[in-house]
file entry.pdb (PDB, C-alpha atoms and all ligand atoms)
ATOM      1  CA  MET A1337    -143.981 -59.381 166.654
ATOM      2  CA  GLY A1338    -140.349 -60.038 165.965
ATOM      3  CA  ILE A1339    -140.007 -59.236 162.308
ATOM      4  CA  GLN A1340    -136.490 -58.103 161.644
ATOM      5  CA  SER A1341    -134.195 -57.874 158.695
ATOM      6  CA  ASN A1342    -130.398 -57.590 158.777
ATOM      7  CA  VAL A1343    -128.518 -56.560 155.686
ATOM      8  CA  GLU A1344    -124.737 -56.516 155.326
ATOM      9  CA  VAL A1345    -123.523 -53.456 153.483
ATOM     10  CA  GLN A1346    -120.253 -54.152 151.736
ATOM     11  CA  THR A1347    -121.042 -53.313 148.138
ATOM     12  CA  GLU A1348    -123.413 -51.086 146.206
ATOM     13  CA  TRP A1349    -125.755 -54.061 145.999
ATOM     14  CA  GLY A1350    -126.006 -54.050 149.767
ATOM     15  CA  ILE A1351    -127.453 -50.541 149.512
ATOM     16  CA  VAL A1352    -130.134 -51.752 147.090
ATOM     17  CA  SER A1353    -130.950 -54.855 149.188
ATOM     18  CA  ALA A1354    -131.233 -52.799 152.375
ATOM     19  CA  ARG A1355    -133.649 -50.265 150.926
ATOM     20  CA  GLN A1356    -135.744 -52.988 149.288
ATOM     21  CA  ALA A1357    -135.935 -54.899 152.585
ATOM     22  CA  GLY A1358    -137.002 -51.661 154.276
ATOM     23  CA  ARG A1359    -139.667 -50.917 151.721
ATOM     24  CA  ASN A1360    -141.086 -54.449 151.972
ATOM     25  CA  LEU A1361    -141.249 -54.322 155.747
ATOM     26  CA  ALA A1362    -142.801 -50.835 155.636
ATOM     27  CA  LYS A1363    -145.431 -52.069 153.209
ATOM     28  CA  GLU A1364    -146.257 -55.092 155.374
ATOM     29  CA  ALA A1365    -146.488 -52.859 158.429
ATOM     30  CA  GLY A1366    -149.121 -50.765 156.661
ATOM     31  CA  PHE A1367    -147.208 -47.550 155.985
ATOM     32  CA  SER A1368    -148.550 -45.222 153.261
ATOM     33  CA  SER A1369    -146.713 -45.136 149.957
ATOM     34  CA  VAL A1370    -145.176 -41.785 150.900
ATOM     35  CA  ASP A1371    -143.868 -43.165 154.206
ATOM     36  CA  GLN A1372    -142.608 -46.288 152.408
ATOM     37  CA  ALA A1373    -140.590 -43.995 150.140
ATOM     38  CA  ARG A1374    -139.351 -42.004 153.150
ATOM     39  CA  ILE A1375    -138.201 -45.167 154.936
ATOM     40  CA  ALA A1376    -136.552 -46.609 151.814
ATOM     41  CA  THR A1377    -134.795 -43.307 151.137
ATOM     42  CA  ALA A1378    -133.548 -42.989 154.732
ATOM     43  CA  ILE A1379    -132.145 -46.535 154.578
ATOM     44  CA  SER A1380    -130.517 -45.819 151.239
ATOM     45  CA  GLU A1381    -128.758 -42.741 152.683
ATOM     46  CA  LEU A1382    -127.505 -44.570 155.783
ATOM     47  CA  ALA A1383    -126.378 -47.617 153.791
ATOM     48  CA  ARG A1384    -124.555 -45.435 151.304
ATOM     49  CA  ASN A1385    -122.740 -43.602 154.074
ATOM     50  CA  ILE A1386    -121.585 -46.958 155.487
ATOM     51  CA  TYR A1387    -120.371 -48.047 152.050
ATOM     52  CA  LEU A1388    -118.636 -44.716 151.330
ATOM     53  CA  TYR A1389    -117.085 -43.856 154.662
ATOM     54  CA  ALA A1390    -116.719 -47.103 156.617
ATOM     55  CA  ASN A1391    -116.439 -49.634 153.743
ATOM     56  CA  ASN A1392    -118.712 -52.073 155.481
ATOM     57  CA  GLY A1393    -121.274 -52.407 158.204
ATOM     58  CA  GLU A1394    -124.866 -53.458 158.643
ATOM     59  CA  ILE A1395    -128.398 -52.156 158.488
ATOM     60  CA  ILE A1396    -130.973 -53.640 160.836
ATOM     61  CA  ILE A1397    -134.628 -52.987 160.134
ATOM     62  CA  GLU A1398    -137.110 -53.888 162.875
ATOM     63  CA  PHE A1399    -140.827 -53.740 163.328
ATOM     64  CA  LEU A1400    -141.665 -52.082 166.656
ATOM     65  CA  GLU A1401    -144.804 -52.692 168.641
ATOM     66  CA  ASN A1402    -145.433 -51.130 172.006
ATOM     67  CA  GLU A1403    -148.527 -52.655 173.642
ATOM     68  CA  ASN A1404    -147.987 -50.826 176.930
ATOM     69  CA  VAL A1405    -149.306 -47.550 175.647
ATOM     70  CA  SER A1406    -152.795 -46.894 174.485
ATOM     71  CA  PRO A1407    -153.408 -46.933 171.653
ATOM     72  CA  PRO A1408    -150.557 -49.390 170.932
ATOM     73  CA  ARG A1409    -147.738 -47.773 169.004
ATOM     74  CA  ARG A1410    -146.219 -49.376 165.953
ATOM     75  CA  GLY A1411    -143.321 -48.364 163.833
ATOM     76  CA  ILE A1412    -140.143 -49.231 162.043
ATOM     77  CA  LYS A1413    -136.702 -48.787 163.492
ATOM     78  CA  ILE A1414    -133.584 -48.549 161.370
ATOM     79  CA  THR A1415    -130.179 -49.153 162.910
ATOM     80  CA  ALA A1416    -127.076 -48.433 160.817
ATOM     81  CA  ARG A1417    -123.895 -49.694 162.423
ATOM     82  CA  ASP A1418    -120.288 -49.668 161.312
ATOM     83  CA  GLU A1419    -116.795 -49.864 162.741
ATOM     84  CA  GLY A1420    -115.424 -47.213 160.424
ATOM     85  CA  PRO A1421    -113.548 -43.987 161.171
ATOM     86  CA  GLY A1422    -116.445 -42.348 163.024
ATOM     87  CA  ILE A1423    -117.690 -38.805 162.476
ATOM     88  CA  ASP A1424    -115.348 -36.167 163.913
ATOM     89  CA  ASN A1425    -117.807 -33.344 164.081
ATOM     90  CA  ILE A1426    -121.409 -34.486 164.305
ATOM     91  CA  ARG A1427    -122.720 -30.917 164.356
ATOM     92  CA  ASN A1428    -121.116 -30.250 160.966
ATOM     93  CA  ALA A1429    -122.233 -33.583 159.538
ATOM     94  CA  MET A1430    -125.852 -32.770 160.447
ATOM     95  CA  GLU A1431    -125.767 -29.505 158.500
ATOM     96  CA  ASP A1432    -127.433 -29.292 155.094
ATOM     97  CA  GLY A1433    -124.793 -29.207 152.386
ATOM     98  CA  TYR A1434    -121.898 -30.457 154.528
ATOM     99  CA  THR A1435    -119.978 -33.177 152.700
ATOM    100  CA  THR A1436    -116.453 -34.564 152.716
ATOM    101  CA  SER A1437    -116.978 -36.542 149.517
ATOM    102  CA  GLY A1438    -118.328 -34.108 146.929
ATOM    103  CA  GLY A1439    -121.908 -35.250 147.555
ATOM    104  CA  LEU A1440    -124.917 -33.005 148.101
ATOM    105  CA  GLY A1441    -124.480 -33.203 151.871
ATOM    106  CA  ALA A1442    -128.169 -33.986 152.087
ATOM    107  CA  GLY A1443    -127.966 -37.492 153.589
ATOM    108  CA  LEU A1444    -127.897 -37.171 157.378
ATOM    109  CA  PRO A1445    -130.007 -33.999 157.742
ATOM    110  CA  GLY A1446    -132.401 -35.558 155.225
ATOM    111  CA  VAL A1447    -132.762 -38.794 157.217
ATOM    112  CA  LYS A1448    -133.510 -36.744 160.331
ATOM    113  CA  ARG A1449    -136.364 -34.956 158.548
ATOM    114  CA  LEU A1450    -137.694 -38.083 156.821
ATOM    115  CA  MET A1451    -137.996 -40.020 160.092
ATOM    116  CA  ASP A1452    -139.737 -39.196 163.410
ATOM    117  CA  GLU A1453    -136.852 -39.996 165.742
ATOM    118  CA  PHE A1454    -133.156 -39.818 165.053
ATOM    119  CA  ASP A1455    -130.124 -40.587 167.166
ATOM    120  CA  ILE A1456    -126.461 -40.651 166.314
ATOM    121  CA  ASP A1457    -123.625 -42.140 168.320
ATOM    122  CA  SER A1458    -120.193 -41.908 166.774
ATOM    123  CA  ARG A1459    -116.687 -42.146 168.123
ATOM    124  CA  SER A1460    -113.532 -41.279 166.252
ATOM    125  CA  GLY A1461    -111.673 -44.469 165.340
ATOM    126  CA  VAL A1462    -114.384 -46.692 166.825
ATOM    127  CA  GLY A1463    -117.384 -46.416 164.547
ATOM    128  CA  THR A1464    -120.839 -45.033 164.102
ATOM    129  CA  GLU A1465    -124.311 -46.160 165.116
ATOM    130  CA  ILE A1466    -127.324 -44.278 163.873
ATOM    131  CA  THR A1467    -130.883 -45.180 164.805
ATOM    132  CA  ALA A1468    -134.036 -43.739 163.319
ATOM    133  CA  ILE A1469    -137.711 -44.544 163.905
ATOM    134  CA  LYS A1470    -140.822 -43.896 161.874
ATOM    135  CA  TRP A1471    -144.133 -44.337 163.714
ATOM    136  CA  LEU A1472    -147.241 -45.624 162.042
ATOM    137  CA  ARG A1473    -149.995 -43.025 162.096
TER     138      ARG A1473
ATOM    139  CA  MET B 617    -128.290 -53.378 133.554
ATOM    140  CA  ARG B 618    -128.638 -50.765 130.805
ATOM    141  CA  ILE B 619    -131.440 -48.296 130.375
ATOM    142  CA  PRO B 620    -132.668 -48.195 126.748
ATOM    143  CA  ILE B 621    -132.504 -44.851 124.970
ATOM    144  CA  LEU B 622    -134.971 -44.321 122.123
ATOM    145  CA  LYS B 623    -134.537 -41.829 119.314
ATOM    146  CA  LEU B 624    -137.423 -39.767 117.954
ATOM    147  CA  HIS B 625    -136.359 -37.239 115.306
ATOM    148  CA  LYS B 626    -134.052 -34.806 117.078
ATOM    149  CA  TYR B 627    -135.075 -36.044 120.510
ATOM    150  CA  LEU B 628    -134.098 -38.859 122.805
ATOM    151  CA  LEU B 629    -136.675 -40.570 124.996
ATOM    152  CA  ILE B 630    -135.842 -42.571 128.078
ATOM    153  CA  SER B 631    -138.245 -44.365 130.352
ATOM    154  CA  VAL B 632    -136.490 -45.576 133.474
ATOM    155  CA  GLN B 633    -138.070 -48.942 134.279
ATOM    156  CA  VAL B 634    -135.435 -50.470 136.526
ATOM    157  CA  GLU B 635    -134.307 -49.956 140.097
ATOM    158  CA  LEU B 636    -131.715 -47.194 139.815
ATOM    159  CA  ASP B 637    -128.638 -48.611 141.491
ATOM    160  CA  ASP B 638    -125.405 -46.615 141.319
ATOM    161  CA  GLN B 639    -123.845 -48.584 138.501
ATOM    162  CA  THR B 640    -126.951 -48.357 136.338
ATOM    163  CA  ALA B 641    -127.236 -44.622 136.984
ATOM    164  CA  LEU B 642    -123.624 -43.947 136.020
ATOM    165  CA  GLN B 643    -123.815 -46.183 132.945
ATOM    166  CA  PHE B 644    -126.935 -44.300 131.894
ATOM    167  CA  GLN B 645    -125.162 -40.959 132.315
ATOM    168  CA  GLU B 646    -122.386 -42.113 129.999
ATOM    169  CA  ASP B 647    -124.700 -43.769 127.440
ATOM    170  CA  LEU B 648    -126.918 -40.700 127.212
ATOM    171  CA  LEU B 649    -124.057 -38.268 126.643
ATOM    172  CA  ASN B 650    -122.597 -40.531 123.941
ATOM    173  CA  LYS B 651    -125.973 -40.806 122.261
ATOM    174  CA  ILE B 652    -126.533 -37.020 122.309
ATOM    175  CA  HIS B 653    -123.135 -36.639 120.679
ATOM    176  CA  GLN B 654    -123.711 -39.345 118.042
ATOM    177  CA  GLU B 655    -127.196 -38.229 117.086
ATOM    178  CA  GLY B 656    -126.767 -34.483 117.514
ATOM    179  CA  SER B 657    -129.909 -34.502 119.660
ATOM    180  CA  LEU B 658    -131.506 -31.208 120.622
ATOM    181  CA  GLY B 659    -133.636 -32.475 123.465
ATOM    182  CA  VAL B 660    -134.078 -35.319 125.933
ATOM    183  CA  VAL B 661    -137.093 -36.474 127.928
ATOM    184  CA  ILE B 662    -136.372 -38.708 130.905
ATOM    185  CA  ASP B 663    -139.515 -40.345 132.249
ATOM    186  CA  LEU B 664    -139.364 -41.373 135.916
ATOM    187  CA  THR B 665    -142.911 -42.761 136.294
ATOM    188  CA  SER B 666    -141.637 -46.165 137.449
ATOM    189  CA  VAL B 667    -139.001 -44.826 139.832
ATOM    190  CA  GLU B 668    -140.107 -45.379 143.429
ATOM    191  CA  MET B 669    -137.246 -43.727 145.248
ATOM    192  CA  ILE B 670    -134.644 -41.051 144.572
ATOM    193  CA  ASP B 671    -131.960 -40.638 147.220
ATOM    194  CA  SER B 672    -129.325 -37.900 147.364
ATOM    195  CA  TYR B 673    -126.895 -39.862 145.234
ATOM    196  CA  ILE B 674    -129.357 -40.589 142.431
ATOM    197  CA  ALA B 675    -130.558 -36.967 142.637
ATOM    198  CA  LYS B 676    -126.986 -35.794 142.149
ATOM    199  CA  VAL B 677    -126.458 -38.106 139.160
ATOM    200  CA  LEU B 678    -129.720 -36.878 137.578
ATOM    201  CA  GLY B 679    -128.841 -33.232 138.214
ATOM    202  CA  ASP B 680    -125.401 -33.830 136.698
ATOM    203  CA  VAL B 681    -126.938 -35.523 133.634
ATOM    204  CA  VAL B 682    -129.067 -32.433 133.071
ATOM    205  CA  ASP B 683    -126.094 -30.062 133.447
ATOM    206  CA  MET B 684    -123.859 -32.162 131.203
ATOM    207  CA  SER B 685    -126.529 -32.471 128.501
ATOM    208  CA  ASN B 686    -127.107 -28.704 128.622
ATOM    209  CA  LEU B 687    -123.374 -28.174 128.168
ATOM    210  CA  MET B 688    -123.551 -30.301 125.062
ATOM    211  CA  GLY B 689    -126.460 -28.261 123.761
ATOM    212  CA  ALA B 690    -129.356 -30.614 124.518
ATOM    213  CA  LYS B 691    -132.270 -29.579 126.739
ATOM    214  CA  VAL B 692    -133.559 -32.107 129.262
ATOM    215  CA  VAL B 693    -137.069 -32.418 130.680
ATOM    216  CA  LEU B 694    -137.822 -34.809 133.565
ATOM    217  CA  THR B 695    -141.310 -36.269 133.591
ATOM    218  CA  GLY B 696    -143.550 -38.483 135.693
ATOM    219  CA  ILE B 697    -141.995 -37.926 139.117
ATOM    220  CA  GLN B 698    -144.260 -39.813 141.570
ATOM    221  CA  PRO B 699    -145.908 -37.879 144.422
ATOM    222  CA  ALA B 700    -144.046 -39.927 147.045
ATOM    223  CA  VAL B 701    -140.752 -39.221 145.310
ATOM    224  CA  ALA B 702    -141.474 -35.481 145.047
ATOM    225  CA  ILE B 703    -142.393 -35.358 148.747
ATOM    226  CA  THR B 704    -139.256 -37.209 149.891
ATOM    227  CA  LEU B 705    -137.022 -35.024 147.718
ATOM    228  CA  ILE B 706    -138.455 -31.899 149.345
ATOM    229  CA  ASP B 707    -138.154 -33.481 152.837
ATOM    230  CA  MET B 708    -134.522 -34.150 152.013
ATOM    231  CA  GLY B 709    -134.037 -30.506 151.049
ATOM    232  CA  ILE B 710    -133.135 -31.473 147.495
ATOM    233  CA  MET B 711    -134.444 -29.038 144.915
ATOM    234  CA  LEU B 712    -133.810 -29.821 141.292
ATOM    235  CA  HIS B 713    -133.443 -26.113 140.520
ATOM    236  CA  GLU B 714    -133.740 -24.993 136.951
ATOM    237  CA  VAL B 715    -134.630 -28.495 135.765
ATOM    238  CA  PRO B 716    -137.725 -28.378 133.575
ATOM    239  CA  THR B 717    -140.314 -30.983 134.542
ATOM    240  CA  ALA B 718    -143.642 -32.139 133.150
ATOM    241  CA  LEU B 719    -146.390 -34.554 134.146
ATOM    242  CA  ASP B 720    -145.840 -37.180 131.464
ATOM    243  CA  LEU B 721    -143.883 -38.021 128.324
ATOM    244  CA  GLU B 722    -146.318 -36.246 126.015
ATOM    245  CA  GLN B 723    -146.242 -32.998 127.969
ATOM    246  CA  GLY B 724    -142.488 -33.384 128.294
ATOM    247  CA  LEU B 725    -142.132 -33.410 124.528
ATOM    248  CA  GLU B 726    -144.368 -30.330 124.253
ATOM    249  CA  LYS B 727    -142.253 -28.544 126.831
ATOM    250  CA  LEU B 728    -139.093 -29.389 124.895
ATOM    251  CA  GLN B 729    -140.589 -27.975 121.726
ATOM    252  CA  GLN B 730    -141.532 -24.755 123.541
ATOM    253  CA  GLU B 731    -138.083 -24.439 125.111
ATOM    254  CA  LEU B 732    -136.394 -24.931 121.772
ATOM    255  CA  GLU B 733    -138.579 -22.329 120.056
ATOM    256  CA  ASP B 734    -137.683 -19.593 122.552
TER     257      ASP B 734
HETATM  258  N1  LIG A1501    -120.980 -43.867 158.752
HETATM  259  C1  LIG A1501    -120.144 -42.821 158.655
HETATM  260  N2  LIG A1501    -118.838 -42.942 159.048
HETATM  261  C2  LIG A1501    -117.992 -41.880 158.961
HETATM  262  N3  LIG A1501    -118.340 -40.654 158.499
HETATM  263  C3  LIG A1501    -119.614 -40.460 158.100
HETATM  264  C4  LIG A1501    -120.577 -41.534 158.147
HETATM  265  N4  LIG A1501    -121.763 -41.047 157.696
HETATM  266  C5  LIG A1501    -121.543 -39.760 157.374
HETATM  267  N5  LIG A1501    -120.262 -39.389 157.606
HETATM  268  C6  LIG A1501    -119.665 -38.036 157.419
HETATM  269  O1  LIG A1501    -120.710 -37.084 157.500
HETATM  270  C7  LIG A1501    -120.748 -36.272 156.303
HETATM  271  C8  LIG A1501    -122.182 -35.900 155.992
HETATM  272  O2  LIG A1501    -122.928 -37.065 155.579
HETATM  273  P1  LIG A1501    -124.198 -36.882 154.629
HETATM  274  O3  LIG A1501    -124.748 -38.226 154.341
HETATM  275  O4  LIG A1501    -125.098 -35.872 155.260
HETATM  276  O5  LIG A1501    -123.606 -36.208 153.301
HETATM  277  P2  LIG A1501    -122.718 -36.874 152.156
HETATM  278  O6  LIG A1501    -122.689 -38.351 152.321
HETATM  279  O7  LIG A1501    -121.397 -36.207 152.155
HETATM  280  O8  LIG A1501    -123.498 -36.467 150.830
HETATM  281  P3  LIG A1501    -124.893 -37.107 150.304
HETATM  282  O9  LIG A1501    -125.402 -38.011 151.364
HETATM  283  O10 LIG A1501    -125.782 -35.940 150.064
HETATM  284  O11 LIG A1501    -124.567 -37.835 149.049
HETATM  285  C9  LIG A1501    -120.073 -37.113 155.246
HETATM  286  O12 LIG A1501    -119.534 -36.331 154.205
HETATM  287  C10 LIG A1501    -119.011 -37.856 156.062
HETATM  288  O13 LIG A1501    -117.867 -37.045 156.249
HETATM  289 MG    MG A1502    -124.479 -39.461 152.556
END

call {"tool": "encode", "arguments": {"input": "entry.pdb", "output": "structure tokens", "more": "lines below"}}
Ligand SMILES: Nc1ncnc2c1ncn2[C@@H]1O[C@H](COP(=O)(O)OP(=O)(O)OP(=O)(O)O)[C@@H](O)[C@H]1O
Ligand SMILES: [Mg+2]
result
Amino acid sequence: MGIQSNVEVQTEWGIVSARQAGRNLAKEAGFSSVDQARIATAISELARNIYLYANNGEIIIEFLENENVSPPRRGIKITARDEGPGIDNIRNAMEDGYTTSGGLGAGLPGVKRLMDEFDIDSRSGVGTEITAIKWLR
Amino acid sequence: MRIPILKLHKYLLISVQVELDDQTALQFQEDLLNKIHQEGSLGVVIDLTSVEMIDSYIAKVLGDVVDMSNLMGAKVVLTGIQPAVAITLIDMGIMLHEVPTALDLEQGLEKLQQELED
């Protein structure tokens, strides 16, 4: 199945569209209401970081289906990509309470806990790509 | 989009029925503080029954609203937080410390009355 949704994040409205797209896809995929909220919240955090720190970028939400394992594994993958300033110190950024913008510093460590898999690739001056997966139970 | 604020005696009642985007949340913060000032309100109940998601930004705005209202002398009770929202907030490590909460509007009003009697 190739269901995928790409949302440009350039304004605050992009944040809302991205999390709504994520919630819809999560619902269609059969996630529980709690997992729908987790996925929507994770997308909201990643989209907001793009908007705040990189000005613009995109969120890609994909339905994953792996038939080669038994039982087949399904899930939702979020990719947040920008060509912003990058994150200088990823270790700091992943700490609860660390913020450079007067926020709660809950975004990135929160996304990691909300989702099952989390990966961050960021280079100073090049940009940031974060991927996160939630598996259907 | 503006969130309506209802007045009931010395209280203000708000039921958030719209998707809380940033602009709406900030506008609400400002409207509520102005209304508390105008009406000399003693207490506020904010009902979140229809809110399906609270991220760190919205949580911060809500926490700030509570602190600002307290500064002005009005107590705030949050009501109706959905199970999925409560679970994600805890996953995120966000605790709304010292913010009184109740199950629904009615119990929220009772809680306000109790708090104001102490
Ligand atoms: N896409 C990004 N590009 C550049 N820097 C980023 C990006 N995302 C996060 N950061 C950096 O990592 C820090 C931590 O991000 P995190 O989302 O955890 O907290 P926050 O955005 O500061 O606050 P909160 O998300 O709680 O409102 C940010 O303050 C910022 O410095
Ligand atoms: Mg953030």

call {"tool": "resolve_selection", "arguments": {"input": "entry.pdb", "expression": "the PyMOL selection byres (((not hetatm)) within 9 of (chain A and resi 1501))", "output": "number ranges by chain"}}
result
A: 1381-1391, 1393, 1416-1426, 1428-1447, 1458, 1460, 1463-1466; B: 671-676, 710

call {"tool": "interface_residues", "arguments": {"input": "entry.pdb", "of": "chain A", "to": "chain B", "cutoff": "6 Å", "atoms": "all atoms listed in the file", "output": "number ranges by chain"}}
result
A: 1370, 1373-1374, 1377, 1446

call {"tool": "write_last_selection", "arguments": {"input": "entry.pdb", "atoms": "C-alpha atoms", "output": "PDB file, in the coordinates of the input"}}
result
ATOM      1  CA  VAL A1370    -145.176 -41.785 150.900  1.00  0.00           C
ATOM      2  CA  ALA A1373    -140.590 -43.995 150.140  1.00  0.00           C
ATOM      3  CA  ARG A1374    -139.351 -42.004 153.150  1.00  0.00           C
ATOM      4  CA  THR A1377    -134.795 -43.307 151.137  1.00  0.00           C
ATOM      5  CA  GLY A1446    -132.401 -35.558 155.225  1.00  0.00           C
TER       6      GLY A1446
END

call {"tool": "resolve_selection", "arguments": {"input": "entry.pdb", "expression": "the PyMOL selection byres (((chain A and resi 1338-1354) around 6) and not hetatm)", "output": "ChimeraX atom specification"}}
result
/A:1337,1355-1357,1380,1383,1392-1399

call {"tool": "atom_distance", "arguments": {"input": "entry.pdb", "atom1": "CA of Lys623 in chain B", "atom2": "CA of Ser657 in chain B"}}
result
8.7 Å

call {"tool": "atom_distance", "arguments": {"input": "entry.pdb", "atom1": "CA of Lys626 in chain B", "atom2": "CA of Ser666 in chain B"}}
result
24.5 Å

call {"tool": "atom_distance", "arguments": {"input": "entry.pdb", "atom1": "CA of Thr665 in chain B", "atom2": "CA of Ile630 in chain B"}}
result
10.8 Å

call {"tool": "resolve_selection", "arguments": {"input": "entry.pdb", "expression": "the PyMOL selection byres (((chain B and resi 725-730) around 10) and not hetatm)", "output": "list of chain:residue names"}}
result
B:Tyr627, B:Leu628, B:Leu629, B:Leu658, B:Gly659, B:Val660, B:Val661, B:Ala690, B:Lys691, B:Val692, B:Val693, B:Thr695, B:Pro716, B:Thr717, B:Ala718, B:Asp720, B:Leu721, B:Glu722, B:Gln723, B:Gly724, B:Glu731, B:Leu732, B:Glu733, B:Asp734

call {"tool": "write_last_selection", "arguments": {"input": "entry.pdb", "atoms": "C-alpha atoms", "output": "mmCIF file, in the coordinates of the input"}}
result
data_model
loop_
_atom_site.group_PDB
_atom_site.id
_atom_site.type_symbol
_atom_site.label_atom_id
_atom_site.label_comp_id
_atom_site.auth_asym_id
_atom_site.auth_seq_id
_atom_site.Cartn_x
_atom_site.Cartn_y
_atom_site.Cartn_z
ATOM 1 C CA TYR B 627 -135.075 -36.044 120.510
ATOM 2 C CA LEU B 628 -134.098 -38.859 122.805
ATOM 3 C CA LEU B 629 -136.675 -40.570 124.996
ATOM 4 C CA LEU B 658 -131.506 -31.208 120.622
ATOM 5 C CA GLY B 659 -133.636 -32.475 123.465
ATOM 6 C CA VAL B 660 -134.078 -35.319 125.933
ATOM 7 C CA VAL B 661 -137.093 -36.474 127.928
ATOM 8 C CA ALA B 690 -129.356 -30.614 124.518
ATOM 9 C CA LYS B 691 -132.270 -29.579 126.739
ATOM 10 C CA VAL B 692 -133.559 -32.107 129.262
ATOM 11 C CA VAL B 693 -137.069 -32.418 130.680
ATOM 12 C CA THR B 695 -141.310 -36.269 133.591
ATOM 13 C CA PRO B 716 -137.725 -28.378 133.575
ATOM 14 C CA THR B 717 -140.314 -30.983 134.542
ATOM 15 C CA ALA B 718 -143.642 -32.139 133.150
ATOM 16 C CA ASP B 720 -145.840 -37.180 131.464
ATOM 17 C CA LEU B 721 -143.883 -38.021 128.324
ATOM 18 C CA GLU B 722 -146.318 -36.246 126.015
ATOM 19 C CA GLN B 723 -146.242 -32.998 127.969
ATOM 20 C CA GLY B 724 -142.488 -33.384 128.294
ATOM 21 C CA GLU B 731 -138.083 -24.439 125.111
ATOM 22 C CA LEU B 732 -136.394 -24.931 121.772
ATOM 23 C CA GLU B 733 -138.579 -22.329 120.056
ATOM 24 C CA ASP B 734 -137.683 -19.593 122.552
#

call {"tool": "residues_around", "arguments": {"input": "entry.pdb", "residues": "range 1467-1473 of chain A", "least_positions_apart": "6", "cutoff": "9 Å", "atoms": "all atoms listed in the file", "output": "VMD selection string"}}
result
chain A and resid 1365 to 1368 1371 1375 1378 1400 1409 to 1417 1447 to 1448 1450 to 1457

call {"tool": "closest_residue", "arguments": {"input": "entry.pdb", "among": "B:Leu642, B:Met684, B:Ile652, B:Ile662", "to": "Leu719 in chain B", "atoms": "only C-alpha atoms"}}
result
B:Ile662

call {"tool": "closest_residue", "arguments": {"input": "entry.pdb", "among": "A:Gly1461, A:Gly1358, A:Ile1379, A:Lys1363", "to": "ligand MG 1502 (chain A)", "atoms": "all atoms listed in the file"}}
result
A:Ile1379

call {"tool": "axis_aligned_box", "arguments": {"input": "entry.pdb", "around": "range 727-733 of chain B", "padding_each_side": "5 Å", "output": "lines of an AutoDock Vina configuration file"}}
result
center_x = -139.3
center_y = -25.9
center_z = 123.4
size_x = 15.9
size_y = 17.1
size_z = 16.8
